>>> print(open('run-v4.txt').read())   # compact mmCIF, C-alpha atoms and all ligand atoms
# COMPACT_ATOMS: atom_id res chain seq x y z
CA MET O 1 65.92 33.96 20.91
CA LYS O 2 66.75 30.88 22.96
CA VAL O 3 64.46 32.10 25.76
CA LEU O 4 61.61 32.58 23.34
CA LEU O 5 62.11 29.13 21.94
CA LEU O 6 62.13 27.68 25.42
CA LEU O 7 58.96 29.56 26.38
CA GLY O 8 57.34 28.31 23.23
CA LEU O 9 58.25 24.75 24.08
CA VAL O 10 56.96 25.08 27.63
CA ALA O 11 53.69 26.58 26.39
CA PHE O 12 53.33 23.76 23.91
CA ALA O 13 54.02 21.14 26.53
CA LEU O 14 51.47 22.67 28.90
CA ALA O 15 48.83 22.99 26.22
CA ASP O 16 49.01 19.28 25.60
CA ASN O 17 49.36 18.13 29.15
CA THR O 18 46.48 17.22 31.39
CA ARG O 19 47.23 18.05 35.01
CA PHE O 20 45.45 16.75 38.08
CA GLU O 21 46.07 19.31 40.82
CA GLY O 22 43.70 18.92 43.73
CA GLU O 23 41.97 15.89 42.21
CA LYS O 24 41.38 12.95 44.52
CA VAL O 25 40.89 9.21 44.36
CA PHE O 26 38.17 7.90 46.67
CA ARG O 27 37.43 4.37 47.71
CA LEU O 28 33.69 3.92 48.19
CA LYS O 29 32.22 0.95 50.02
CA PRO O 30 28.63 0.47 48.91
CA VAL O 31 26.73 -1.86 51.24
CA LEU O 32 23.14 -1.02 50.25
CA ASP O 33 21.32 -1.08 46.93
CA GLU O 34 20.81 2.66 47.37
CA HIS O 35 24.56 3.14 47.49
CA VAL O 36 24.96 1.35 44.19
CA THR O 37 22.21 3.43 42.60
CA LEU O 38 23.81 6.55 43.97
CA ILE O 39 27.19 5.74 42.44
CA LYS O 40 25.53 5.10 39.09
CA ASP O 41 23.62 8.39 39.29
CA LEU O 42 26.77 10.20 40.21
CA ALA O 43 28.56 8.72 37.20
CA ASN O 44 25.77 9.93 34.94
CA SER O 45 25.69 13.45 36.23
CA ILE O 46 29.33 14.33 36.76
CA GLU O 47 32.58 13.37 35.18
CA VAL O 48 34.23 10.65 37.28
CA ASP O 49 37.06 8.42 36.16
CA PHE O 50 36.46 4.87 37.36
CA TRP O 51 39.66 3.11 38.40
CA ARG O 52 38.08 -0.02 39.75
CA PRO O 53 35.76 -1.34 38.47
CA GLU O 54 36.23 0.35 35.12
CA ASN O 55 32.73 1.73 34.76
CA ALA O 56 29.62 2.48 36.77
CA GLU O 57 27.56 -0.41 35.37
CA LEU O 58 30.02 -2.84 36.90
CA VAL O 59 29.45 -1.51 40.42
CA THR O 60 27.72 -3.93 42.79
CA ILE O 61 27.11 -4.16 46.48
CA ASP O 62 30.03 -5.04 48.78
CA ILE O 63 32.87 -4.27 46.41
CA ASP O 64 35.42 -1.51 46.76
CA VAL O 65 34.88 1.20 44.19
CA ASP O 66 37.87 3.42 43.43
CA ILE O 67 37.06 6.65 41.60
CA HIS O 68 39.13 9.62 40.53
CA VAL O 69 37.17 12.85 41.00
CA PRO O 70 38.09 16.18 39.36
CA ALA O 71 38.61 19.10 41.73
CA MET O 72 35.43 20.93 40.75
CA TYR O 73 33.23 18.04 41.90
CA LEU O 74 34.95 17.29 45.20
CA ASP O 75 32.54 19.25 47.38
CA ILE O 76 29.48 17.77 45.82
CA VAL O 77 30.82 14.23 45.99
CA SER O 78 31.77 14.61 49.67
CA THR O 79 28.37 16.03 50.51
CA ILE O 80 26.57 13.22 48.73
CA LEU O 81 28.67 10.53 50.40
CA HIS O 82 28.05 11.95 53.84
CA GLN O 83 24.34 12.58 53.29
CA ASN O 84 23.89 8.98 52.21
CA ASP O 85 26.10 7.45 54.86
CA MET O 86 28.29 5.68 52.41
CA GLU O 87 31.54 4.47 53.91
CA HIS O 88 34.52 5.81 52.02
CA GLU O 89 38.14 6.79 52.31
CA VAL O 90 40.52 8.97 50.39
CA LEU O 91 43.15 6.81 48.67
CA ILE O 92 44.97 9.66 46.98
CA GLU O 93 44.76 13.20 48.34
CA ASP O 94 46.25 14.94 45.36
CA LEU O 95 46.57 13.07 42.11
CA GLN O 96 49.12 15.41 40.56
CA SER O 97 51.48 14.92 43.53
CA ALA O 98 50.94 11.16 43.35
CA ILE O 99 51.84 11.19 39.65
CA GLU O 100 55.00 13.09 40.42
CA GLY O 101 55.72 10.86 43.44
CA GLN O 102 55.58 7.75 41.31
CA ILE O 103 58.87 8.61 39.69
CA ASP O 104 61.94 8.20 41.93
CA ASN O 105 64.26 11.10 42.35
CA ARG O 106 67.21 9.01 41.29
CA PRO O 107 68.90 10.87 38.47
CA SER O 108 66.83 9.89 35.50
CA PRO O 109 68.99 7.76 33.25
CA ARG O 110 68.71 8.88 29.65
CA THR O 111 68.67 5.30 28.62
CA HIS O 112 66.37 2.45 29.35
CA SER O 113 66.17 1.14 32.93
CA TYR O 114 64.43 -1.96 34.31
CA THR O 115 63.53 -0.15 37.51
CA LYS O 116 61.98 2.89 35.89
CA TYR O 117 58.89 3.42 33.77
CA ASN O 118 60.33 3.75 30.28
CA SER O 119 58.73 5.84 27.56
CA PHE O 120 57.54 4.16 24.37
CA ASP O 121 60.62 5.40 22.50
CA LYS O 122 62.91 3.94 25.15
CA VAL O 123 61.09 0.62 25.09
CA GLN O 124 61.32 0.58 21.33
CA SER O 125 65.08 1.19 21.23
CA TRP O 126 65.52 -1.34 24.03
CA ILE O 127 63.61 -3.92 21.92
CA ASN O 128 65.91 -3.23 18.99
CA SER O 129 69.09 -3.54 21.00
CA MET O 130 67.92 -6.70 22.80
CA ALA O 131 67.08 -8.36 19.50
CA SER O 132 70.37 -7.46 17.89
CA SER O 133 72.68 -8.34 20.75
CA ASN O 134 71.33 -11.76 21.71
CA SER O 135 70.56 -13.26 18.35
CA ASP O 136 70.98 -16.88 19.43
CA LEU O 137 68.06 -16.68 21.86
CA ILE O 138 65.92 -13.78 20.73
CA SER O 139 64.48 -12.28 17.59
CA LYS O 140 61.93 -9.60 16.81
CA GLN O 141 59.14 -9.19 14.33
CA THR O 142 56.54 -6.54 13.72
CA ILE O 143 52.98 -7.82 13.92
CA GLY O 144 51.61 -4.65 12.37
CA ASN O 145 51.30 -0.95 13.05
CA SER O 146 49.04 0.86 15.48
CA TYR O 147 46.32 3.34 14.54
CA GLU O 148 48.84 6.18 14.74
CA GLY O 149 51.44 4.17 12.87
CA ARG O 150 53.71 2.96 15.65
CA PRO O 151 55.19 -0.52 15.12
CA MET O 152 53.93 -3.31 17.37
CA THR O 153 57.11 -5.27 17.89
CA LEU O 154 56.99 -8.79 19.20
CA LEU O 155 60.01 -10.51 20.74
CA LYS O 156 60.47 -14.24 20.33
CA LEU O 157 62.54 -15.92 23.03
CA GLY O 158 63.77 -19.46 22.66
CA LYS O 159 66.64 -21.60 21.56
CA LYS O 160 66.77 -21.80 17.79
CA SER O 161 65.55 -25.12 16.54
CA SER O 162 64.99 -26.73 13.19
CA SER O 163 61.60 -28.09 14.22
CA VAL O 164 58.55 -26.02 15.15
CA LYS O 165 58.35 -25.51 18.89
CA PRO O 166 55.25 -25.10 21.02
CA ALA O 167 54.92 -21.55 22.33
CA ILE O 168 53.56 -19.25 25.01
CA PHE O 169 52.27 -15.80 24.07
CA MET O 170 52.40 -12.97 26.60
CA ASP O 171 51.36 -9.34 26.16
CA CYS O 172 51.67 -6.31 28.37
CA GLY O 173 50.30 -2.80 28.19
CA ILE O 174 46.89 -3.44 26.67
CA HIS O 175 45.63 -0.62 28.91
CA ALA O 176 47.75 2.49 28.58
CA ARG O 177 47.87 3.72 32.17
CA GLU O 178 48.83 0.38 33.75
CA TRP O 179 52.55 1.16 33.58
CA ILE O 180 53.75 -1.70 35.76
CA SER O 181 52.58 -4.09 33.05
CA PRO O 182 55.06 -3.17 30.27
CA ALA O 183 57.71 -2.94 33.00
CA PHE O 184 57.03 -6.60 33.76
CA CYS O 185 57.36 -7.75 30.14
CA GLN O 186 60.72 -5.99 29.92
CA TRP O 187 61.82 -7.61 33.18
CA PHE O 188 60.73 -11.01 31.91
CA VAL O 189 62.85 -10.69 28.77
CA LYS O 190 65.89 -9.60 30.77
CA GLU O 191 65.47 -12.48 33.23
CA ALA O 192 64.92 -15.03 30.50
CA LEU O 193 68.11 -14.04 28.73
CA SER O 194 70.24 -13.64 31.84
CA THR O 195 69.15 -16.88 33.52
CA TYR O 196 69.18 -19.10 30.44
CA GLY O 197 72.01 -21.52 31.01
CA SER O 198 72.08 -21.12 34.79
CA ASP O 199 68.46 -21.52 35.88
CA SER O 200 67.44 -25.04 35.00
CA GLN O 201 63.77 -24.24 34.56
CA MET O 202 64.37 -21.26 32.27
CA THR O 203 66.90 -23.25 30.29
CA SER O 204 64.57 -26.15 29.75
CA LEU O 205 61.65 -23.81 28.96
CA LEU O 206 63.56 -21.95 26.25
CA ASN O 207 65.05 -25.17 24.91
CA GLU O 208 61.69 -26.80 24.48
CA MET O 209 59.37 -23.86 23.87
CA ASP O 210 59.33 -20.36 22.45
CA VAL O 211 57.97 -17.46 24.44
CA TYR O 212 56.51 -14.59 22.44
CA VAL O 213 56.51 -11.33 24.36
CA LEU O 214 54.69 -8.21 23.21
CA PRO O 215 56.06 -5.59 25.61
CA VAL O 216 53.49 -2.91 24.75
CA LEU O 217 50.24 -3.82 23.02
CA ASN O 218 48.50 -0.42 23.15
CA VAL O 219 51.48 1.54 21.85
CA ASP O 220 49.59 4.75 21.00
CA GLY O 221 47.84 4.88 24.35
CA TYR O 222 51.07 4.16 26.22
CA ASP O 223 52.88 6.98 24.45
CA TYR O 224 49.93 9.28 25.18
CA THR O 225 50.09 8.52 28.93
CA HIS O 226 53.74 9.61 28.94
CA LYS O 227 53.25 12.75 26.90
CA SER O 228 49.77 14.06 27.53
CA ASN O 229 47.40 12.33 29.92
CA ARG O 230 48.68 9.90 32.54
CA MET O 231 45.21 8.49 33.12
CA TRP O 232 44.45 7.42 29.52
CA ARG O 233 43.29 3.78 29.19
CA LYS O 234 42.06 3.17 25.64
CA THR O 235 43.51 3.17 22.14
CA ARG O 236 43.77 6.49 20.25
CA SER O 237 41.56 5.73 17.26
CA ARG O 238 39.11 8.32 15.91
CA ARG O 239 35.72 7.60 14.44
CA SER O 240 33.20 9.64 12.53
CA GLY O 241 30.20 10.79 14.48
CA SER O 242 31.99 11.19 17.79
CA SER O 243 34.65 13.51 19.05
CA CYS O 244 35.62 10.98 21.71
CA ILE O 245 38.80 9.06 21.06
CA GLY O 246 39.71 5.41 21.40
CA ALA O 247 38.14 2.11 22.38
CA ASP O 248 38.98 -0.29 25.17
CA PRO O 249 41.18 -2.92 23.51
CA ASN O 250 40.22 -5.45 26.19
CA ARG O 251 36.55 -5.09 25.23
CA ASN O 252 37.30 -5.33 21.52
CA PHE O 253 38.04 -9.04 21.08
CA ASN O 254 35.49 -11.40 19.59
CA ALA O 255 34.28 -13.10 22.78
CA GLY O 256 30.66 -12.26 23.58
CA TRP O 257 31.59 -8.89 22.13
CA CYS O 258 29.87 -5.93 23.80
CA THR O 259 27.25 -8.04 25.55
CA VAL O 260 28.17 -7.29 29.18
CA GLY O 261 30.49 -5.04 31.15
CA ALA O 262 31.30 -2.93 28.12
CA SER O 263 29.83 0.25 26.73
CA SER O 264 28.65 1.15 23.26
CA ASN O 265 29.25 4.82 24.04
CA PRO O 266 32.47 5.98 22.33
CA CYS O 267 33.12 8.38 25.21
CA SER O 268 33.21 5.59 27.80
CA ASP O 269 36.46 4.16 29.08
CA THR O 270 35.07 0.68 28.40
CA TYR O 271 33.84 1.44 24.86
CA CYS O 272 33.83 -1.87 22.98
CA GLY O 273 34.57 -0.29 19.60
CA SER O 274 32.44 -0.22 16.46
CA ARG O 275 32.75 -3.99 15.97
CA ALA O 276 34.95 -6.82 17.28
CA GLU O 277 38.59 -6.16 16.28
CA SER O 278 37.75 -2.64 15.09
CA GLU O 279 40.93 -1.60 16.90
CA ILE O 280 43.91 -2.40 14.74
CA GLU O 281 46.03 -3.24 17.80
CA ALA O 282 43.55 -5.95 18.89
CA LYS O 283 43.27 -7.20 15.32
CA ASN O 284 47.05 -7.44 14.89
CA VAL O 285 47.34 -9.54 18.05
CA ALA O 286 44.34 -11.71 17.13
CA ASP O 287 45.71 -12.26 13.62
CA PHE O 288 49.08 -13.34 14.98
CA ILE O 289 47.54 -15.77 17.47
CA ARG O 290 45.13 -17.17 14.85
CA ARG O 291 47.99 -17.71 12.43
CA ASN O 292 49.97 -19.53 15.11
CA LYS O 293 47.16 -21.21 16.95
CA SER O 294 48.49 -24.71 16.39
CA ILE O 295 51.65 -23.92 18.37
CA ILE O 296 50.39 -21.45 21.01
CA LYS O 297 49.67 -23.44 24.17
CA ALA O 298 49.25 -20.61 26.66
CA TYR O 299 48.17 -16.98 26.58
CA ILE O 300 49.13 -14.57 29.34
CA THR O 301 48.02 -10.93 29.46
CA VAL O 302 49.26 -8.52 32.10
CA HIS O 303 47.26 -5.67 33.66
CA SER O 304 47.15 -3.75 36.91
CA TYR O 305 45.93 -3.25 39.58
CA SER O 306 44.17 -5.47 42.20
CA GLN O 307 46.45 -8.50 42.67
CA LEU O 308 44.37 -11.05 40.84
CA LEU O 309 45.06 -14.03 38.66
CA LEU O 310 42.03 -14.44 36.43
CA PHE O 311 41.06 -16.96 33.81
CA PRO O 312 37.97 -17.56 31.59
CA TYR O 313 35.23 -16.76 31.54
CA SER O 314 34.49 -13.10 31.91
CA TYR O 315 31.76 -12.83 29.28
CA THR O 316 29.60 -15.45 30.97
CA PHE O 317 29.13 -16.91 34.43
CA GLU O 318 29.41 -20.38 32.96
CA LEU O 319 32.50 -22.22 34.07
CA ALA O 320 35.18 -22.99 31.51
CA ALA O 321 35.32 -26.63 30.38
CA THR O 322 38.70 -26.99 32.07
CA HIS O 323 37.83 -24.84 35.08
CA ASN O 324 39.34 -27.13 37.70
CA GLU O 325 42.67 -27.34 36.00
CA LEU O 326 42.78 -23.58 35.32
CA MET O 327 42.03 -22.97 38.99
CA LYS O 328 44.61 -25.44 40.23
CA VAL O 329 47.35 -23.86 38.13
CA ALA O 330 46.27 -20.34 39.16
CA GLU O 331 46.44 -21.29 42.81
CA GLY O 332 49.87 -22.82 42.40
CA ALA O 333 51.07 -19.71 40.60
CA SER O 334 49.65 -17.40 43.29
CA ALA O 335 51.31 -19.46 46.01
CA ALA O 336 54.65 -19.24 44.19
CA LEU O 337 54.22 -15.48 43.85
CA ARG O 338 53.37 -15.09 47.50
CA SER O 339 56.36 -17.12 48.67
CA LEU O 340 58.75 -14.25 47.90
CA TYR O 341 57.33 -11.19 49.67
CA GLY O 342 54.00 -12.39 51.02
CA THR O 343 51.96 -10.57 48.37
CA ARG O 344 48.46 -12.05 48.28
CA TYR O 345 46.65 -12.75 45.03
CA THR O 346 43.10 -13.93 44.49
CA SER O 347 42.49 -16.47 41.71
CA GLY O 348 39.31 -17.29 39.83
CA PRO O 349 37.24 -16.81 36.70
CA GLY O 350 36.90 -13.16 35.70
CA ALA O 351 33.11 -12.97 35.86
CA THR O 352 32.82 -14.08 39.46
CA THR O 353 36.14 -12.82 40.79
CA ILE O 354 35.72 -9.22 39.59
CA TYR O 355 32.83 -8.63 37.22
CA PRO O 356 31.40 -9.93 33.97
CA ALA O 357 33.00 -8.08 31.06
CA ALA O 358 32.93 -9.30 27.47
CA GLY O 359 35.40 -8.79 24.63
CA GLY O 360 38.53 -9.67 26.59
CA SER O 361 41.59 -11.18 24.97
CA ASP O 362 41.77 -13.98 27.57
CA ASP O 363 38.30 -15.35 26.79
CA TRP O 364 38.88 -14.96 23.07
CA ALA O 365 42.17 -16.89 23.17
CA TYR O 366 40.63 -19.63 25.29
CA ASP O 367 37.68 -20.10 22.93
CA LEU O 368 40.10 -20.20 20.02
CA GLY O 369 41.64 -23.26 21.66
CA VAL O 370 44.50 -21.88 23.76
CA LYS O 371 43.97 -24.07 26.75
CA TYR O 372 45.83 -22.05 29.36
CA SER O 373 44.69 -18.43 29.32
CA TYR O 374 45.46 -16.08 32.20
CA THR O 375 45.05 -12.42 33.07
CA PHE O 376 47.30 -10.97 35.74
CA GLU O 377 46.26 -7.88 37.64
CA LEU O 378 49.54 -6.87 39.29
CA ARG O 379 50.16 -4.75 42.41
CA ASP O 380 48.80 -3.07 44.32
CA THR O 381 45.33 -3.21 45.90
CA GLY O 382 44.70 0.52 45.62
CA ARG O 383 47.09 2.41 47.86
CA TYR O 384 48.77 3.72 44.70
CA GLY O 385 46.64 2.01 42.06
CA PHE O 386 47.94 2.85 38.60
CA LEU O 387 50.58 5.11 40.16
CA LEU O 388 52.66 2.34 41.70
CA PRO O 389 56.00 3.92 42.68
CA GLU O 390 59.07 2.95 40.72
CA SER O 391 60.58 1.55 43.91
CA GLN O 392 58.01 -1.30 43.62
CA ILE O 393 58.92 -2.29 40.06
CA LYS O 394 61.65 -4.67 41.17
CA PRO O 395 59.76 -6.58 43.89
CA THR O 396 56.61 -6.70 41.76
CA CYS O 397 58.48 -8.11 38.78
CA GLU O 398 60.47 -10.58 40.88
CA GLU O 399 57.39 -12.09 42.47
CA THR O 400 55.43 -12.10 39.21
CA MET O 401 58.30 -13.98 37.53
CA LEU O 402 57.67 -16.86 39.93
CA ALA O 403 54.01 -17.04 38.99
CA VAL O 404 54.66 -16.85 35.25
CA LYS O 405 57.39 -19.47 35.52
CA TYR O 406 55.02 -21.69 37.48
CA ILE O 407 52.42 -21.49 34.72
CA ALA O 408 55.07 -22.03 32.03
CA ALA O 409 56.46 -25.09 33.81
CA TYR O 410 53.00 -26.59 34.10
CA VAL O 411 52.27 -25.97 30.42
CA GLN O 412 55.59 -27.45 29.44
CA LYS O 413 54.97 -30.57 31.51
CA ASN O 414 51.56 -31.01 29.93
CA LEU O 415 52.37 -30.47 26.28
N1 LIG M 1 40.55 -5.35 34.57
C1 LIG M 1 40.57 -6.13 33.36
C2 LIG M 1 39.67 -5.49 32.35
O1 LIG M 1 38.67 -4.95 32.71
C3 LIG M 1 40.15 -7.53 33.66
C4 LIG M 1 40.13 -8.42 32.50
C5 LIG M 1 39.53 -9.76 32.84
N2 LIG M 1 39.16 -10.42 31.64
C6 LIG M 1 38.10 -10.09 30.90
N3 LIG M 1 37.90 -10.75 29.80
N4 LIG M 1 37.26 -9.15 31.27
O2 LIG M 1 39.95 -5.47 31.19
ZN ZN M 2 43.78 -3.35 32.41
>>> encode(input="run-v4.txt", output="structure tokens", more="lines below")
Ligand code: ARG
Ligand code: ZN
Amino acid sequence: MKVLLLLGLVAFALADNTRFEGEKVFRLKPVLDEHVTLIKDLANSIEVDFWRPENAELVTIDIDVDIHVPAMYLDIVSTILHQNDMEHEVLIEDLQSAIEGQIDNRPSPRTHSYTKYNSFDKVQSWINSMASSNSDLISKQTIGNSYEGRPMTLLKLGKKSSSVKPAIFMDCGIHAREWISPAFCQWFVKEALSTYGSDSQMTSLLNEMDVYVLPVLNVDGYDYTHKSNRMWRKTRSRRSGSSCIGADPNRNFNAGWCTVGASSNPCSDTYCGSRAESEIEAKNVADFIRRNKSIIKAYITVHSYSQLLLFPYSYTFELAATHNELMKVAEGASAALRSLYGTRYTSGPGATTIYPAAGGSDDWAYDLGVKYSYTFELRDTGRYGFLLPESQIKPTCEETMLAVKYIAAYVQKNL
């Protein structure tokens, strides 16, 4: 009886679990227009998962293009690359082994850990216990539910005050598979609480300002990457007329919505949704920021990978009105980050630093009036990509703390 039950469970788990045996991640280096055309043709004829940039339309000459190729297409892709003399390398030989290698073989603690990738349920119970055990500095509120009904819980950090304080808003986990991002938001909360009172900068920050942290924005997608498909990026919403699921929440904000670098095809990983804020998760965040726009002075959103510190605009090549200041702060933050382990970041406006892509939360917040709006793309530059090993959580979070604190200090000084 027990054996049968167990077999049943295993069968169920397998049925709902995408595996990636024998699948590879290639880095292509297009240097000719023909190479670019070839990559676009390839994307149209076979199923390739773009890691960087996020879709074929964003491919241009002289950028590194990282693609995940299913096993059945490996021969054809290799042949095409060789026939056309396109320089390339294999970043990941076997994606399933890389997925398994990402997790340390330390005995998996049943509870939450700052140096492991925690499931949605673990993050959620961690949020609840943080909020209840540190009530003088932290509180929680739900900003709404996700498409599948999960709560989107926001933590508010800051010394209680009778007057309204200016605030910083930071979210993590807008894209489901970028696991290092939610890990950073959790680290930030831990650091804020444990260094308040001893670190003078953190103390003054939380005395004078509130920091809102949304540890996981795309809660449904994040849960799905833990339970079913590690490579999922989008939300999990369904729509009539298509069997494809989800939209890209970072193409769903009302900033040049769906004009460039986004797809109107519901099956695409950069699908912009049926209209701006069609995704309830994007709408819940936008509603919160709109409601609090008079106090929110900075917006920080955390992604991976590529080691970039981006700021507006991404929906246009035009420079932001405060471009010079945004750049100066980004460069200071990148220098602070680099001072710890030598990790190099590139700073600049999204459109020119990576690619034009509309509908992002950073551009939307900036145009709403949030003067300091930044997108982090954390480690690494592609060796592991989305599958950054757990052993890198600590150094990545430590160095990123320095950059976020740099930005926060600047904002605080310039209130
Ligand atoms: N890799 C991120 C994305 O594609 C970069 C976001 C930059 N900002 C933007 N508005 N596109 O979502
Ligand atoms: Zn992302």
>>> residues_near_ligand(input="run-v4.txt", ligand="ligand LIG 1 (chain M)", cutoff="6 Å", atoms="all atoms listed in the file", output="PDB file with C-alpha atoms, in the coordinates of the input")
ATOM      1  CA  ASN O 250      40.220  -5.450  26.190  1.00  0.00           C
ATOM      2  CA  SER O 314      34.490 -13.100  31.910  1.00  0.00           C
ATOM      3  CA  GLY O 350      36.900 -13.160  35.700  1.00  0.00           C
ATOM      4  CA  ALA O 357      33.000  -8.080  31.060  1.00  0.00           C
ATOM      5  CA  ALA O 358      32.930  -9.300  27.470  1.00  0.00           C
ATOM      6  CA  GLY O 360      38.530  -9.670  26.590  1.00  0.00           C
ATOM      7  CA  ASP O 362      41.770 -13.980  27.570  1.00  0.00           C
ATOM      8  CA  ASP O 363      38.300 -15.350  26.790  1.00  0.00           C
TER       9      ASP O 363
END
>>> axis_aligned_box(input="run-v4.txt", around="range 55-69 of chain O", padding_each_side="3 Å", output="AutoDock Vina command-line options")
--center_x 33.1 --center_y 3.9 --center_z 41.8 --size_x 18.0 --size_y 23.9 --size_z 20.0
>>> residues_near_ligand(input="run-v4.txt", ligand="ligand ZN 2 (chain M)", cutoff="6 Å", atoms="all atoms listed in the file", output="MDAnalysis selection string")
chainID O and resid 175 303:304
>>> residues_around(input="run-v4.txt", residues="Gln124 in chain O", least_positions_apart="4", cutoff="9 Å", atoms="all atoms listed in the file", output="ChimeraX atom specification")
/O:119-120,128-129,151,153
>>> closest_residue(input="run-v4.txt", among="O:Ser200, O:Ser78, O:Thr375, O:Gln307", to="Gly173 in chain O", atoms="all atoms listed in the file")
O:Thr375
>>> atom_distance(input="run-v4.txt", atom1="CA of Leu310 in chain O", atom2="CA of Glu277 in chain O")
22.1 Å
>>> atom_distance(input="run-v4.txt", atom1="CA of Pro356 in chain O", atom2="CA of Gly261 in chain O")
5.7 Å
>>> closest_residue(input="run-v4.txt", among="O:Ala176, O:Met209, O:Met401, O:Cys272", to="Ser334 in chain O", atoms="only C-alpha atoms")
O:Met401
>>> closest_residue(input="run-v4.txt", among="O:His323, O:Lys394, O:His82, O:Arg177", to="Lys371 in chain O", atoms="only C-alpha atoms")
O:His323
>>> atom_distance(input="run-v4.txt", atom1="CA of Ile168 in chain O", atom2="CA of Ile354 in chain O")
25.1 Å
>>> residues_near_point(input="run-v4.txt", point="(26.2, 8.1, 48.0)", cutoff="10 Å", atoms="only C-alpha atoms", output="ChimeraX atom specification")
/O:28-30,32,34-42,77-88
>>> write_last_selection(input="run-v4.txt", atoms="C-alpha atoms", output="PDB file, in the coordinates of the input")
ATOM      1  CA  LEU O  28      33.690   3.920  48.190  1.00  0.00           C
ATOM      2  CA  LYS O  29      32.220   0.950  50.020  1.00  0.00           C
ATOM      3  CA  PRO O  30      28.630   0.470  48.910  1.00  0.00           C
ATOM      4  CA  LEU O  32      23.140  -1.020  50.250  1.00  0.00           C
ATOM      5  CA  GLU O  34      20.810   2.660  47.370  1.00  0.00           C
ATOM      6  CA  HIS O  35      24.560   3.140  47.490  1.00  0.00           C
ATOM      7  CA  VAL O  36      24.960   1.350  44.190  1.00  0.00           C
ATOM      8  CA  THR O  37      22.210   3.430  42.600  1.00  0.00           C
ATOM      9  CA  LEU O  38      23.810   6.550  43.970  1.00  0.00           C
ATOM     10  CA  ILE O  39      27.190   5.740  42.440  1.00  0.00           C
ATOM     11  CA  LYS O  40      25.530   5.100  39.090  1.00  0.00           C
ATOM     12  CA  ASP O  41      23.620   8.390  39.290  1.00  0.00           C
ATOM     13  CA  LEU O  42      26.770  10.200  40.210  1.00  0.00           C
ATOM     14  CA  VAL O  77      30.820  14.230  45.990  1.00  0.00           C
ATOM     15  CA  SER O  78      31.770  14.610  49.670  1.00  0.00           C
ATOM     16  CA  THR O  79      28.370  16.030  50.510  1.00  0.00           C
ATOM     17  CA  ILE O  80      26.570  13.220  48.730  1.00  0.00           C
ATOM     18  CA  LEU O  81      28.670  10.530  50.400  1.00  0.00           C
ATOM     19  CA  HIS O  82      28.050  11.950  53.840  1.00  0.00           C
ATOM     20  CA  GLN O  83      24.340  12.580  53.290  1.00  0.00           C
ATOM     21  CA  ASN O  84      23.890   8.980  52.210  1.00  0.00           C
ATOM     22  CA  ASP O  85      26.100   7.450  54.860  1.00  0.00           C
ATOM     23  CA  MET O  86      28.290   5.680  52.410  1.00  0.00           C
ATOM     24  CA  GLU O  87      31.540   4.470  53.910  1.00  0.00           C
ATOM     25  CA  HIS O  88      34.520   5.810  52.020  1.00  0.00           C
TER      26      HIS O  88
END
>>> residues_near_point(input="run-v4.txt", point="(34.4, 0.8, 21.0)", cutoff="8 Å", atoms="all atoms listed in the file", output="ChimeraX atom specification")
/O:246-248,251-252,263-266,270-275,278
>>> closest_residue(input="run-v4.txt", among="O:Ser97, O:Thr322, O:Thr235, O:Asn207", to="Ser161 in chain O", atoms="only C-alpha atoms")
O:Asn207
